[in-house]
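What follows is a single structure, written as structure tokens, with notes after it.
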Amino acid sequence: MKKMIFTLFGAGLVLTGFLFISNQDSTPRLDEEKVAEKKVDDFILHMKVERATSGVEVHHSLQYIGEQTIEVQHQTPLVSFSLHEKNHDFTGSLVSKMMRTGNIYYQESVTVPISETGESNLYVKARFLANGELVNIEHVEELMFN
């Protein structure tokens, strides 16, 4: 009788441990990394989307390919990312950056949280002034989460 109780107790512990471990990794995860570029006028927006522990991490930069030195001015952030909805928020005073041909303006990586599995759109928008002229770069990247 005691042997049977210990066996059931042990089996219960093993099952509880298995369920606990399997629920720990139930967060949706990006199926595959994505790399994208979007060219508008004399600018190329470079992006790489990869898995992160709490969502997806987006590495991004803005490259200038024009011929003359220009001044880029932007609010924060230079590039906005939103999952599921086109919801972009640019705030604060203008930040200035001088750019020459081939210069790349690197930005801090952004982590976007994930809430559900399946297909989702990552909406991307860069908004800035180039020598006083407004430039908008918009892109939609389809992502799959499992």
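Every chain in the structure tokens has a letter given in the order shown (A, B, ...), and although residue numbers restart at 1 in each chain, ligands are simply numbered from 1 in the order shown.
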
Query raised in the report: Could you pull out all residues of chain A with a DSSP call of strand (DSSP E or B) and give them as a PyMOL selection string?
Result: chain A and resi 30+34-40+43-52+55-64+70-76+79-83+91-99+104-106+110-112+118-130+133-145

Need to verify the contact set: range 62-78 of chain A, 10 Å, only C-alpha atoms, exclusion of same-chain residues closer than 4 positions in sequence. Can you return it as a ChimeraX atom specification?
/A:37-39,41-47,88-108,125-135

Go ahead and save the picked residues with C-alpha atoms, as a PDB file, in the first residue's frame.
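The file below, selection.pdb, is the result:
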ATOM      1  CA  GLU A  37      15.101  47.425 -46.861  1.00  0.00           C
ATOM      2  CA  LYS A  38      12.854  50.257 -47.964  1.00  0.00           C
ATOM      3  CA  LYS A  39      14.212  52.942 -50.322  1.00  0.00           C
ATOM      4  CA  ASP A  41      14.262  59.201 -52.449  1.00  0.00           C
ATOM      5  CA  ASP A  42      17.892  59.361 -51.252  1.00  0.00           C
ATOM      6  CA  PHE A  43      17.359  57.190 -48.167  1.00  0.00           C
ATOM      7  CA  ILE A  44      17.320  53.478 -47.396  1.00  0.00           C
ATOM      8  CA  LEU A  45      15.746  52.184 -44.184  1.00  0.00           C
ATOM      9  CA  HIS A  46      17.466  48.934 -43.131  1.00  0.00           C
ATOM     10  CA  MET A  47      15.696  46.546 -40.720  1.00  0.00           C
ATOM     11  CA  HIS A  88       2.967  55.678 -34.371  1.00  0.00           C
ATOM     12  CA  ASP A  89       3.937  58.352 -31.872  1.00  0.00           C
ATOM     13  CA  PHE A  90       6.724  60.875 -32.536  1.00  0.00           C
ATOM     14  CA  THR A  91       7.452  63.269 -29.657  1.00  0.00           C
ATOM     15  CA  GLY A  92       9.967  65.712 -28.290  1.00  0.00           C
ATOM     16  CA  SER A  93      12.129  68.408 -29.756  1.00  0.00           C
ATOM     17  CA  LEU A  94      14.037  67.917 -33.008  1.00  0.00           C
ATOM     18  CA  VAL A  95      17.329  66.019 -33.080  1.00  0.00           C
ATOM     19  CA  SER A  96      19.771  67.017 -35.848  1.00  0.00           C
ATOM     20  CA  LYS A  97      22.270  64.862 -37.719  1.00  0.00           C
ATOM     21  CA  MET A  98      24.498  65.872 -40.655  1.00  0.00           C
ATOM     22  CA  MET A  99      24.799  63.141 -43.287  1.00  0.00           C
ATOM     23  CA  ARG A 100      27.100  62.650 -46.279  1.00  0.00           C
ATOM     24  CA  THR A 101      26.859  60.163 -49.115  1.00  0.00           C
ATOM     25  CA  GLY A 102      26.914  56.608 -47.741  1.00  0.00           C
ATOM     26  CA  ASN A 103      26.500  57.628 -44.076  1.00  0.00           C
ATOM     27  CA  ILE A 104      24.437  55.282 -41.928  1.00  0.00           C
ATOM     28  CA  TYR A 105      22.497  56.666 -38.975  1.00  0.00           C
ATOM     29  CA  TYR A 106      22.324  53.744 -36.531  1.00  0.00           C
ATOM     30  CA  GLN A 107      19.454  53.594 -34.031  1.00  0.00           C
ATOM     31  CA  GLU A 108      18.956  51.731 -30.757  1.00  0.00           C
ATOM     32  CA  LYS A 125       7.265  54.405 -40.123  1.00  0.00           C
ATOM     33  CA  ALA A 126      10.233  56.763 -40.319  1.00  0.00           C
ATOM     34  CA  ARG A 127       9.443  60.477 -40.299  1.00  0.00           C
ATOM     35  CA  PHE A 128      12.076  63.200 -40.578  1.00  0.00           C
ATOM     36  CA  LEU A 129      13.093  66.427 -42.301  1.00  0.00           C
ATOM     37  CA  ALA A 130      15.891  66.374 -44.886  1.00  0.00           C
ATOM     38  CA  ASN A 131      17.142  69.930 -45.423  1.00  0.00           C
ATOM     39  CA  GLY A 132      13.748  71.128 -44.221  1.00  0.00           C
ATOM     40  CA  GLU A 133      11.709  68.819 -46.510  1.00  0.00           C
ATOM     41  CA  LEU A 134       9.443  66.180 -44.903  1.00  0.00           C
ATOM     42  CA  VAL A 135      10.318  62.558 -45.701  1.00  0.00           C
TER      43      VAL A 135
END

Near range 117-121 of chain A, counting only C-alpha atoms, which residues have an atom at most 9 Å away, once you skip same-chain residues fewer than 6 positions from it, shown as a PyMOL selection string? chain A and resi 27-30+82-85+140-146
